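Asks: Next comes the structure file data-v8.cif, holding mmCIF, C-alpha atoms.
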data_target
#
loop_
_atom_site.group_PDB
_atom_site.id
_atom_site.type_symbol
_atom_site.label_atom_id
_atom_site.label_comp_id
_atom_site.auth_asym_id
_atom_site.auth_seq_id
_atom_site.Cartn_x
_atom_site.Cartn_y
_atom_site.Cartn_z
ATOM 1 C CA MET A 1 -14.805 -3.485 11.522
ATOM 2 C CA THR A 2 -11.846 -1.563 12.949
ATOM 3 C CA ALA A 3 -10.070 0.529 10.348
ATOM 4 C CA LEU A 4 -6.336 0.248 9.840
ATOM 5 C CA THR A 5 -4.403 3.342 10.951
ATOM 6 C CA SER A 6 -2.062 4.799 8.332
ATOM 7 C CA VAL A 7 -0.209 8.060 7.661
ATOM 8 C CA GLN A 8 -0.007 9.985 4.407
ATOM 9 C CA LEU A 9 3.688 10.400 3.615
ATOM 10 C CA PHE A 10 3.094 13.879 2.163
ATOM 11 C CA THR A 11 2.877 14.870 5.833
ATOM 12 C CA VAL A 12 6.602 14.122 6.275
ATOM 13 C CA ARG A 13 7.599 15.107 2.743
ATOM 14 C CA GLU A 14 10.667 17.178 3.617
ATOM 15 C CA ALA A 15 12.184 14.382 5.685
ATOM 16 C CA LEU A 16 11.180 11.772 3.115
ATOM 17 C CA GLU A 17 12.856 13.582 0.226
ATOM 18 C CA SER A 18 16.141 13.867 2.133
ATOM 19 C CA ASP A 19 16.147 10.414 3.791
ATOM 20 C CA LEU A 20 13.478 7.978 2.657
ATOM 21 C CA ASP A 21 14.634 5.003 4.690
ATOM 22 C CA GLY A 22 15.304 6.978 7.857
ATOM 23 C CA THR A 23 11.912 8.660 7.615
ATOM 24 C CA LEU A 24 10.056 5.369 7.263
ATOM 25 C CA ALA A 25 12.035 3.972 10.187
ATOM 26 C CA GLU A 26 10.875 6.919 12.312
ATOM 27 C CA VAL A 27 7.267 6.513 11.157
ATOM 28 C CA ALA A 28 7.396 2.898 12.304
ATOM 29 C CA ARG A 29 9.001 3.925 15.592
ATOM 30 C CA ARG A 30 6.077 6.285 16.171
ATOM 31 C CA GLY A 31 3.706 3.322 16.177
ATOM 32 C CA PHE A 32 2.462 3.115 12.589
ATOM 33 C CA THR A 33 2.227 -0.135 10.667
ATOM 34 C CA ALA A 34 0.897 1.361 7.423
ATOM 35 C CA VAL A 35 1.594 4.382 5.247
ATOM 36 C CA GLU A 36 -0.008 6.068 2.234
ATOM 37 C CA PRO A 37 2.699 7.002 -0.320
ATOM 38 C CA TYR A 38 2.467 9.880 -2.786
ATOM 39 C CA ASP A 39 4.477 10.437 -5.979
ATOM 40 C CA PHE A 40 5.480 6.796 -5.719
ATOM 41 C CA VAL A 41 6.104 5.779 -9.331
ATOM 42 C CA ARG A 42 9.626 7.214 -9.486
ATOM 43 C CA ARG A 43 10.701 5.516 -6.267
ATOM 44 C CA ALA A 44 8.657 2.327 -6.155
ATOM 45 C CA ASP A 45 11.618 -0.006 -5.661
ATOM 46 C CA ALA A 46 13.121 2.088 -2.859
ATOM 47 C CA LEU A 47 9.751 2.395 -1.131
ATOM 48 C CA ALA A 48 9.064 -1.315 -1.399
ATOM 49 C CA ALA A 49 12.431 -2.240 0.094
ATOM 50 C CA SER A 50 12.178 0.263 2.953
ATOM 51 C CA LEU A 51 8.587 -0.640 3.793
ATOM 52 C CA THR A 52 9.571 -4.292 4.093
ATOM 53 C CA ALA A 53 12.624 -3.449 6.183
ATOM 54 C CA HIS A 54 10.546 -1.514 8.716
ATOM 55 C CA GLY A 55 7.490 -3.756 8.864
ATOM 56 C CA LEU A 56 5.213 -1.294 7.086
ATOM 57 C CA THR A 57 2.513 -1.831 4.471
ATOM 58 C CA ALA A 58 0.977 0.580 1.954
ATOM 59 C CA PRO A 59 -2.600 -0.489 1.250
ATOM 60 C CA THR A 60 -3.422 2.870 -0.340
ATOM 61 C CA GLY A 61 -1.434 5.474 -2.247
ATOM 62 C CA HIS A 62 -1.938 8.722 -4.123
ATOM 63 C CA GLY A 63 -1.407 8.800 -7.872
ATOM 64 C CA PHE A 64 -2.890 10.967 -10.611
ATOM 65 C CA LEU A 65 -5.439 9.113 -12.745
ATOM 66 C CA ALA A 66 -7.849 11.848 -13.866
ATOM 67 C CA SER A 67 -5.308 14.508 -14.932
ATOM 68 C CA THR A 68 -2.732 14.508 -17.717
ATOM 69 C CA THR A 69 -0.315 16.912 -16.050
ATOM 70 C CA PHE A 70 0.864 17.228 -12.466
ATOM 71 C CA VAL A 71 -1.151 19.612 -10.279
ATOM 72 C CA ASN A 72 0.635 21.186 -7.322
ATOM 73 C CA PRO A 73 -0.970 20.869 -3.870
ATOM 74 C CA ASP A 74 -1.788 24.598 -3.910
ATOM 75 C CA GLY A 75 -3.820 24.123 -7.095
ATOM 76 C CA SER A 76 -1.288 25.570 -9.522
ATOM 77 C CA ASP A 77 -0.660 23.748 -12.775
ATOM 78 C CA THR A 78 2.604 22.462 -14.166
ATOM 79 C CA ASP A 79 3.558 21.256 -17.632
ATOM 80 C CA ASN A 80 4.940 17.988 -16.262
ATOM 81 C CA ALA A 81 3.154 14.935 -17.611
ATOM 82 C CA VAL A 82 1.967 12.424 -15.040
ATOM 83 C CA PRO A 83 2.748 8.702 -15.363
ATOM 84 C CA THR A 84 0.296 6.632 -17.385
ATOM 85 C CA PRO A 85 -2.251 4.510 -15.490
ATOM 86 C CA ASP A 86 -0.281 1.381 -16.393
ATOM 87 C CA GLU A 87 2.899 2.915 -14.963
ATOM 88 C CA VAL A 88 0.998 3.852 -11.800
ATOM 89 C CA PHE A 89 -0.394 0.342 -11.466
ATOM 90 C CA ASP A 90 3.007 -1.262 -12.119
ATOM 91 C CA ALA A 91 4.496 0.780 -9.286
ATOM 92 C CA ALA A 92 1.545 0.006 -7.018
ATOM 93 C CA GLU A 93 2.091 -3.700 -7.543
ATOM 94 C CA THR A 94 5.788 -3.326 -6.740
ATOM 95 C CA ILE A 95 4.911 -1.627 -3.449
ATOM 96 C CA GLY A 96 2.085 -4.027 -2.577
ATOM 97 C CA MET A 97 -0.579 -1.333 -2.813
ATOM 98 C CA THR A 98 -4.152 -2.354 -3.557
ATOM 99 C CA THR A 99 -5.999 0.982 -3.881
ATOM 100 C CA ILE A 100 -4.677 3.926 -5.913
ATOM 101 C CA ILE A 101 -6.407 7.199 -5.049
ATOM 102 C CA ASP A 102 -6.354 10.260 -7.273
ATOM 103 C CA PRO A 103 -5.232 13.042 -4.924
ATOM 104 C CA TYR A 104 -6.336 16.220 -6.694
ATOM 105 C CA THR A 105 -8.002 17.744 -9.714
ATOM 106 C CA HIS A 106 -7.837 21.443 -10.481
ATOM 107 C CA PRO A 107 -10.643 23.606 -9.035
ATOM 108 C CA ASN A 108 -11.489 24.934 -12.491
ATOM 109 C CA ARG A 109 -12.687 21.445 -13.409
ATOM 110 C CA TRP A 110 -15.601 21.676 -10.981
ATOM 111 C CA GLU A 111 -17.568 24.492 -12.548
ATOM 112 C CA THR A 112 -20.002 22.545 -14.750
ATOM 113 C CA ARG A 113 -21.702 19.180 -14.818
ATOM 114 C CA GLU A 114 -19.898 18.356 -18.051
ATOM 115 C CA GLN A 115 -16.502 18.843 -16.411
ATOM 116 C CA ILE A 116 -17.412 16.539 -13.546
ATOM 117 C CA GLU A 117 -18.732 13.990 -16.032
ATOM 118 C CA GLU A 118 -15.323 14.033 -17.731
ATOM 119 C CA THR A 119 -13.519 13.436 -14.419
ATOM 120 C CA ALA A 120 -15.874 10.547 -13.714
ATOM 121 C CA ARG A 121 -15.218 9.109 -17.176
ATOM 122 C CA ARG A 122 -11.461 9.136 -16.583
ATOM 123 C CA LEU A 123 -11.756 7.542 -13.163
ATOM 124 C CA ASN A 124 -14.155 4.914 -14.447
ATOM 125 C CA ALA A 125 -11.761 4.020 -17.266
ATOM 126 C CA ALA A 126 -8.898 3.746 -14.773
ATOM 127 C CA ALA A 127 -11.013 1.513 -12.531
ATOM 128 C CA GLU A 128 -11.644 -0.885 -15.397
ATOM 129 C CA LEU A 129 -7.915 -1.147 -16.101
ATOM 130 C CA ALA A 130 -7.175 -1.555 -12.402
ATOM 131 C CA GLU A 131 -9.715 -4.300 -11.866
ATOM 132 C CA ALA A 132 -8.021 -6.453 -14.495
ATOM 133 C CA ARG A 133 -4.912 -6.310 -12.315
ATOM 134 C CA GLY A 134 -6.647 -6.934 -9.009
ATOM 135 C CA LEU A 135 -6.410 -3.264 -7.998
ATOM 136 C CA ARG A 136 -8.898 -0.530 -7.058
ATOM 137 C CA VAL A 137 -9.156 3.163 -7.851
ATOM 138 C CA GLY A 138 -10.397 6.001 -5.652
ATOM 139 C CA TYR A 139 -10.693 9.797 -5.411
ATOM 140 C CA HIS A 140 -9.622 12.149 -2.602
ATOM 141 C CA ASN A 141 -11.299 15.513 -2.052
ATOM 142 C CA HIS A 142 -10.191 18.965 -1.048
ATOM 143 C CA ALA A 143 -12.556 21.846 -0.355
ATOM 144 C CA HIS A 144 -13.397 22.909 -3.906
ATOM 145 C CA GLU A 145 -15.286 19.730 -4.811
ATOM 146 C CA LEU A 146 -17.687 20.510 -1.968
ATOM 147 C CA GLU A 147 -17.825 24.272 -2.445
ATOM 148 C CA ALA A 148 -19.021 23.668 -6.009
ATOM 149 C CA VAL A 149 -22.806 23.293 -6.122
ATOM 150 C CA ILE A 150 -24.577 22.152 -9.289
ATOM 151 C CA ASP A 151 -28.352 21.750 -9.365
ATOM 152 C CA GLY A 152 -28.445 21.795 -5.573
ATOM 153 C CA GLN A 153 -25.812 19.095 -5.183
ATOM 154 C CA THR A 154 -22.165 19.398 -4.198
ATOM 155 C CA GLY A 155 -19.629 18.518 -6.857
ATOM 156 C CA LEU A 156 -18.320 15.571 -4.852
ATOM 157 C CA GLU A 157 -21.786 14.090 -4.432
ATOM 158 C CA LEU A 158 -22.444 14.542 -8.148
ATOM 159 C CA LEU A 159 -19.156 12.832 -8.932
ATOM 160 C CA ALA A 160 -20.109 9.936 -6.674
ATOM 161 C CA ASP A 161 -23.387 9.527 -8.555
ATOM 162 C CA LEU A 162 -21.505 9.406 -11.867
ATOM 163 C CA LEU A 163 -18.800 6.982 -10.787
ATOM 164 C CA ASP A 164 -18.720 3.295 -11.509
ATOM 165 C CA PRO A 165 -19.328 1.411 -8.223
ATOM 166 C CA ARG A 166 -15.758 0.130 -8.494
ATOM 167 C CA VAL A 167 -14.400 3.646 -7.844
ATOM 168 C CA LYS A 168 -14.068 4.333 -4.125
ATOM 169 C CA LEU A 169 -13.754 7.580 -2.180
ATOM 170 C CA GLU A 170 -11.298 8.840 0.406
ATOM 171 C CA VAL A 171 -12.907 11.738 2.263
ATOM 172 C CA ASP A 172 -10.602 14.357 3.747
ATOM 173 C CA LEU A 173 -12.494 15.345 6.876
ATOM 174 C CA TYR A 174 -10.629 18.627 7.384
ATOM 175 C CA TRP A 175 -11.207 19.878 3.842
ATOM 176 C CA ALA A 176 -14.871 18.896 4.052
ATOM 177 C CA ALA A 177 -15.234 21.010 7.195
ATOM 178 C CA ARG A 178 -13.264 23.834 5.534
ATOM 179 C CA ALA A 179 -15.826 23.799 2.727
ATOM 180 C CA GLY A 180 -18.606 24.389 5.250
ATOM 181 C CA VAL A 181 -19.965 20.851 4.931
ATOM 182 C CA ASP A 182 -20.749 18.637 7.914
ATOM 183 C CA PRO A 183 -18.353 15.683 7.511
ATOM 184 C CA VAL A 184 -20.713 13.362 9.393
ATOM 185 C CA ALA A 185 -23.677 14.111 7.133
ATOM 186 C CA LEU A 186 -21.418 13.848 4.067
ATOM 187 C CA LEU A 187 -20.218 10.380 5.008
ATOM 188 C CA GLU A 188 -23.774 9.268 5.679
ATOM 189 C CA LYS A 189 -24.757 10.460 2.188
ATOM 190 C CA LEU A 190 -21.792 8.821 0.454
ATOM 191 C CA GLY A 191 -22.305 5.545 2.301
ATOM 192 C CA ASP A 192 -20.298 2.446 1.451
ATOM 193 C CA ARG A 193 -18.428 4.250 -1.323
ATOM 194 C CA VAL A 194 -16.059 5.675 1.333
ATOM 195 C CA ILE A 195 -13.311 3.187 2.189
ATOM 196 C CA ALA A 196 -10.765 5.686 3.574
ATOM 197 C CA VAL A 197 -10.689 9.020 5.392
ATOM 198 C CA HIS A 198 -7.984 11.556 6.038
ATOM 199 C CA VAL A 199 -7.937 12.167 9.765
ATOM 200 C CA LYS A 200 -6.912 15.803 9.902
ATOM 201 C CA ASP A 201 -7.956 18.383 12.486
ATOM 202 C CA GLY A 202 -7.793 22.154 12.656
ATOM 203 C CA THR A 203 -9.095 25.186 14.468
ATOM 204 C CA LEU A 204 -10.540 26.622 11.225
ATOM 205 C CA ASP A 205 -9.388 30.024 12.452
ATOM 206 C CA ALA A 206 -10.361 32.574 9.810
ATOM 207 C CA GLU A 207 -6.908 34.153 9.645
ATOM 208 C CA ALA A 208 -4.888 30.959 9.861
ATOM 209 C CA ILE A 209 -6.674 29.337 6.913
ATOM 210 C CA LYS A 210 -5.894 32.165 4.509
ATOM 211 C CA ALA A 211 -2.412 30.838 3.807
ATOM 212 C CA TYR A 212 -1.392 27.725 1.891
ATOM 213 C CA PRO A 213 -0.543 25.450 3.452
ATOM 214 C CA PRO A 214 -3.053 26.394 6.138
ATOM 215 C CA ALA A 215 -1.662 27.357 9.538
ATOM 216 C CA ASP A 216 -4.487 26.040 11.704
ATOM 217 C CA GLN A 217 -3.884 22.285 11.671
ATOM 218 C CA VAL A 218 -3.456 20.526 15.020
ATOM 219 C CA PRO A 219 -3.233 16.919 16.249
ATOM 220 C CA ALA A 220 -6.406 14.888 15.868
ATOM 221 C CA GLY A 221 -8.902 15.624 18.602
ATOM 222 C CA GLN A 222 -7.485 19.065 19.408
ATOM 223 C CA GLY A 223 -9.428 21.061 16.808
ATOM 224 C CA VAL A 224 -13.056 21.527 15.810
ATOM 225 C CA VAL A 225 -13.417 18.912 13.042
ATOM 226 C CA PRO A 226 -15.813 16.173 14.287
ATOM 227 C CA LEU A 227 -13.368 13.367 13.564
ATOM 228 C CA ALA A 228 -14.711 10.673 15.889
ATOM 229 C CA ALA A 229 -18.319 11.111 14.795
ATOM 230 C CA ALA A 230 -17.303 11.170 11.141
ATOM 231 C CA ILE A 231 -15.283 7.971 11.475
ATOM 232 C CA ASP A 232 -18.259 6.335 13.162
ATOM 233 C CA ALA A 233 -20.439 7.403 10.220
ATOM 234 C CA ALA A 234 -18.140 5.745 7.655
ATOM 235 C CA SER A 235 -19.944 2.433 7.265
ATOM 236 C CA ALA A 236 -17.357 0.712 5.038
ATOM 237 C CA LEU A 237 -14.175 2.284 6.384
ATOM 238 C CA GLU A 238 -10.992 0.300 5.818
ATOM 239 C CA VAL A 239 -8.214 2.830 6.438
ATOM 240 C CA ALA A 240 -7.983 5.937 8.638
ATOM 241 C CA VAL A 241 -5.080 8.024 7.332
ATOM 242 C CA VAL A 242 -3.378 10.630 9.524
ATOM 243 C CA GLU A 243 -2.343 13.721 7.560
ATOM 244 C CA TYR A 244 -1.195 17.297 7.999
ATOM 245 C CA ASP A 245 -0.734 19.792 5.187
ATOM 246 C CA ALA A 246 1.431 21.709 7.672
ATOM 247 C CA PHE A 247 2.156 21.579 11.399
ATOM 248 C CA GLY A 248 3.784 24.163 13.627
ATOM 249 C CA GLY A 249 5.577 21.681 15.896
ATOM 250 C CA ASP A 250 7.673 18.568 15.415
ATOM 251 C CA ILE A 251 5.897 16.705 12.630
ATOM 252 C CA PHE A 252 6.738 13.258 14.009
ATOM 253 C CA ASP A 253 5.306 14.235 17.391
ATOM 254 C CA GLY A 254 2.259 15.501 15.527
ATOM 255 C CA ILE A 255 1.586 12.264 13.698
ATOM 256 C CA GLU A 256 2.132 10.247 16.863
ATOM 257 C CA GLN A 257 -0.411 12.355 18.746
ATOM 258 C CA SER A 258 -2.947 11.761 15.976
ATOM 259 C CA ARG A 259 -2.183 8.044 15.951
ATOM 260 C CA ARG A 260 -2.815 7.908 19.698
ATOM 261 C CA PHE A 261 -6.165 9.647 19.191
ATOM 262 C CA LEU A 262 -7.191 6.902 16.782
ATOM 263 C CA ASP A 263 -5.890 4.139 19.058
ATOM 264 C CA GLU A 264 -7.730 5.526 22.089
ATOM 265 C CA ARG A 265 -10.922 5.907 20.083
ATOM 266 C CA ALA A 266 -10.714 2.269 18.962
ATOM 267 C CA ALA A 267 -9.922 0.900 22.436
#
Will you turn the file into structure tokens for me?

Replies:
Amino acid sequence: MTALTSVQLFTVREALESDLDGTLAEVARRGFTAVEPYDFVRRADALAASLTAHGLTAPTGHGFLASTTFVNPDGSDTDNAVPTPDEVFDAAETIGMTTIIDPYTHPNRWETREQIEETARRLNAAAELAEARGLRVGYHNHAHELEAVIDGQTGLELLADLLDPRVKLEVDLYWAARAGVDPVALLEKLGDRVIAVHVKDGTLDAEAIKAYPPADQVPAGQGVVPLAAAIDAASALEVAVVEYDAFGGDIFDGIEQSRRFLDERAA
């Protein structure tokens, strides 16, 4: 099965916040037919209309399901409440999304087995609600879920063992490599649970990764993350999602270069 190529809209967040429709038009012009929205509840109607106008779909999206307050991408907390699962699912239906993926939980929730059990409980409860509406739930990793080791097992692998089979995983290949884990071996361990990957490359330069967002990310195939081998190891892959946390050049050129990498690999 050939995975659909998508792009996480957080990659083009500055352009998106200033001109949603123009940004989606440019994403389509760069050869994408699918996107992965973030923070979509507040703008579901606008996203739905613009996606339709530019021939784009959004099979997956990022929405908080295992946290009660918004967590910033750098791991800092806020006091802002996140939408309820029902509000997230309402917006997903408006957009035409079928899989809602929790993007982030705070690193301090990966220190004990009991904390991971609580995250699994929340995701499992969300999956039950989602299934009644014909939707799916997933979880997306950063580095800390893999840097955490409990009883000889990484936190992400422990979470996978605790999750209802209905909860899927989206493995971020860059963050797995940043955590010192072989993305290929990880995907082989997680098996059919993984239905999406974030296709993100980097040099993993020791100095460049000290900052947030990291300064080492490059177009897919130009860094040291074993993207092609990892994608091949994903036995149930449905969507390959291009993403950058940051990019030193023109971001639209960057996503197009990564899209071409995926197209050439699939040819």

Asks: Evaluated on this file, the PyMOL selection byres ((chain A and resi 126) around 12) picks out some residues - which ones are they, written as an mmCIF file with C-alpha atoms, keeping the file's coordinate frame?

Replies:
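Below is the file expr.cif, written as the result:
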data_model
loop_
_atom_site.group_PDB
_atom_site.id
_atom_site.type_symbol
_atom_site.label_atom_id
_atom_site.label_comp_id
_atom_site.auth_asym_id
_atom_site.auth_seq_id
_atom_site.Cartn_x
_atom_site.Cartn_y
_atom_site.Cartn_z
ATOM 1 C CA GLY A 63 -1.407 8.800 -7.872
ATOM 2 C CA PHE A 64 -2.890 10.967 -10.611
ATOM 3 C CA LEU A 65 -5.439 9.113 -12.745
ATOM 4 C CA ALA A 66 -7.849 11.848 -13.866
ATOM 5 C CA SER A 67 -5.308 14.508 -14.932
ATOM 6 C CA THR A 84 0.296 6.632 -17.385
ATOM 7 C CA PRO A 85 -2.251 4.510 -15.490
ATOM 8 C CA ASP A 86 -0.281 1.381 -16.393
ATOM 9 C CA GLU A 87 2.899 2.915 -14.963
ATOM 10 C CA VAL A 88 0.998 3.852 -11.800
ATOM 11 C CA PHE A 89 -0.394 0.342 -11.466
ATOM 12 C CA THR A 99 -5.999 0.982 -3.881
ATOM 13 C CA ILE A 100 -4.677 3.926 -5.913
ATOM 14 C CA ILE A 101 -6.407 7.199 -5.049
ATOM 15 C CA ASP A 102 -6.354 10.260 -7.273
ATOM 16 C CA THR A 119 -13.519 13.436 -14.419
ATOM 17 C CA ALA A 120 -15.874 10.547 -13.714
ATOM 18 C CA ARG A 121 -15.218 9.109 -17.176
ATOM 19 C CA ARG A 122 -11.461 9.136 -16.583
ATOM 20 C CA LEU A 123 -11.756 7.542 -13.163
ATOM 21 C CA ASN A 124 -14.155 4.914 -14.447
ATOM 22 C CA ALA A 125 -11.761 4.020 -17.266
ATOM 23 C CA ALA A 127 -11.013 1.513 -12.531
ATOM 24 C CA GLU A 128 -11.644 -0.885 -15.397
ATOM 25 C CA LEU A 129 -7.915 -1.147 -16.101
ATOM 26 C CA ALA A 130 -7.175 -1.555 -12.402
ATOM 27 C CA GLU A 131 -9.715 -4.300 -11.866
ATOM 28 C CA ALA A 132 -8.021 -6.453 -14.495
ATOM 29 C CA ARG A 133 -4.912 -6.310 -12.315
ATOM 30 C CA LEU A 135 -6.410 -3.264 -7.998
ATOM 31 C CA ARG A 136 -8.898 -0.530 -7.058
ATOM 32 C CA VAL A 137 -9.156 3.163 -7.851
ATOM 33 C CA GLY A 138 -10.397 6.001 -5.652
ATOM 34 C CA TYR A 139 -10.693 9.797 -5.411
ATOM 35 C CA LEU A 163 -18.800 6.982 -10.787
ATOM 36 C CA ASP A 164 -18.720 3.295 -11.509
ATOM 37 C CA ARG A 166 -15.758 0.130 -8.494
ATOM 38 C CA VAL A 167 -14.400 3.646 -7.844
ATOM 39 C CA LYS A 168 -14.068 4.333 -4.125
#

Asks: Quick one, how far is CA of Leu187 (chain A) from CA of Leu146 (chain A)?

Replies: 12.6 Å

Asks: Choose the residue, out of A:Gly75, A:Glu243, A:Glu256, A:Phe261, that has the smallest atom-to-atom separation from Gln222 (chain A); count all atoms listed in the file.

Replies: A:Phe261

Asks: Figure out the distance between CA of Ala179 (chain A) and CA of Leu158 (chain A), please, to one decimal in Å.

Replies: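 Pair CA of Leu158 (chain A) / CA of Ala179 (chain A) returns 15.7 Å.
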
Asks: Report as a PDB file with C-alpha atoms, in the coordinates of the input the full result of the PyMOL selection byres ((chain A and resi 55) around 10) when it is applied to this structure.

Replies:
ATOM      1  CA  LEU A  24      10.056   5.369   7.263  1.00  0.00           C
ATOM      2  CA  ALA A  25      12.035   3.972  10.187  1.00  0.00           C
ATOM      3  CA  ALA A  28       7.396   2.898  12.304  1.00  0.00           C
ATOM      4  CA  PHE A  32       2.462   3.115  12.589  1.00  0.00           C
ATOM      5  CA  THR A  33       2.227  -0.135  10.667  1.00  0.00           C
ATOM      6  CA  ALA A  34       0.897   1.361   7.423  1.00  0.00           C
ATOM      7  CA  SER A  50      12.178   0.263   2.953  1.00  0.00           C
ATOM      8  CA  LEU A  51       8.587  -0.640   3.793  1.00  0.00           C
ATOM      9  CA  THR A  52       9.571  -4.292   4.093  1.00  0.00           C
ATOM     10  CA  ALA A  53      12.624  -3.449   6.183  1.00  0.00           C
ATOM     11  CA  HIS A  54      10.546  -1.514   8.716  1.00  0.00           C
ATOM     12  CA  LEU A  56       5.213  -1.294   7.086  1.00  0.00           C
ATOM     13  CA  THR A  57       2.513  -1.831   4.471  1.00  0.00           C
TER      14      THR A  57
END

Asks: Please determine, counting all atoms listed in the file, which residue among A:Val71, A:Leu47, A:Ala196, A:Ile95 has the shortest atom-to-atom distance to Val242 (chain A).

Replies: A:Ala196

Asks: May I ask for the distance between CA of Pro219 (chain A) and CA of Glu26 (chain A), given in Å to one decimal place?

Replies: 17.7 Å

Asks: Using only C-alpha atoms, which protein or nucleic acid residues come within 7 Å of Val171 (chain A)? Drop anything in the same chain fewer than 2 positions from it, and give the result as a PDB file with C-alpha atoms, in the frame of the given file.

Replies:
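And here's out27.pdb as it stands now:
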ATOM      1  CA  HIS A 140      -9.622  12.149  -2.602  1.00  0.00           C
ATOM      2  CA  ASN A 141     -11.299  15.513  -2.052  1.00  0.00           C
ATOM      3  CA  LEU A 169     -13.754   7.580  -2.180  1.00  0.00           C
ATOM      4  CA  LEU A 173     -12.494  15.345   6.876  1.00  0.00           C
ATOM      5  CA  VAL A 194     -16.059   5.675   1.333  1.00  0.00           C
ATOM      6  CA  ALA A 196     -10.765   5.686   3.574  1.00  0.00           C
ATOM      7  CA  VAL A 197     -10.689   9.020   5.392  1.00  0.00           C
ATOM      8  CA  HIS A 198      -7.984  11.556   6.038  1.00  0.00           C
TER       9      HIS A 198
END

Asks: Could you state which residues are captured by the PyMOL selection byres ((chain A and resi 252) around 12) in this file, as a ChimeraX atom specification?

Replies: /A:7,9,11-16,23-32,219,242-244,246-251,253-259

Asks: Which residue gives the smallest distance to Val218 (chain A) among A:Asp245, A:Asp232, A:Asp21, A:Asp201, with all atoms listed in the file counted?

Replies: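 Among the listed residues, the smallest separation from Val218 (chain A) belongs to A:Asp201.
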
Asks: Select all residues near (-6.3, 1.2, 16.5) (cut-off 10 Å, inclusive, file coordinates), counting all atoms listed in the file, and output them as JSON, numbers by chain.

Replies: {"A": [2, 3, 4, 5, 6, 32, 240, 259, 260, 261, 262, 263, 264, 265, 266, 267]}

Asks: Would you output that residue set with C-alpha atoms, as a PDB file, in the coordinates of the input?

Replies:
ATOM      1  CA  THR A   2     -11.846  -1.563  12.949  1.00  0.00           C
ATOM      2  CA  ALA A   3     -10.070   0.529  10.348  1.00  0.00           C
ATOM      3  CA  LEU A   4      -6.336   0.248   9.840  1.00  0.00           C
ATOM      4  CA  THR A   5      -4.403   3.342  10.951  1.00  0.00           C
ATOM      5  CA  SER A   6      -2.062   4.799   8.332  1.00  0.00           C
ATOM      6  CA  PHE A  32       2.462   3.115  12.589  1.00  0.00           C
ATOM      7  CA  ALA A 240      -7.983   5.937   8.638  1.00  0.00           C
ATOM      8  CA  ARG A 259      -2.183   8.044  15.951  1.00  0.00           C
ATOM      9  CA  ARG A 260      -2.815   7.908  19.698  1.00  0.00           C
ATOM     10  CA  PHE A 261      -6.165   9.647  19.191  1.00  0.00           C
ATOM     11  CA  LEU A 262      -7.191   6.902  16.782  1.00  0.00           C
ATOM     12  CA  ASP A 263      -5.890   4.139  19.058  1.00  0.00           C
ATOM     13  CA  GLU A 264      -7.730   5.526  22.089  1.00  0.00           C
ATOM     14  CA  ARG A 265     -10.922   5.907  20.083  1.00  0.00           C
ATOM     15  CA  ALA A 266     -10.714   2.269  18.962  1.00  0.00           C
ATOM     16  CA  ALA A 267      -9.922   0.900  22.436  1.00  0.00           C
TER      17      ALA A 267
END

Asks: Of the residues A:Asp90, A:Glu117, A:Glu207, A:Glu238, which is the one nearest to Asp161 (chain A), using all atoms listed in the file?

Replies: A:Glu117

Asks: Taking into account only C-alpha atoms, which residue in the set A:Trp175, A:Ala185, A:Glu147, A:Leu190 is nearest to Ala160 (chain A)?

Replies: A:Leu190

Asks: With all atoms listed in the file as the atoms that count, which of A:Phe10, A:Val199, A:Thr105, A:Phe70 lies nearest to Val239 (chain A)?

Replies: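 Using all atoms listed in the file, the shortest distance to Val239 (chain A) belongs to A:Val199.
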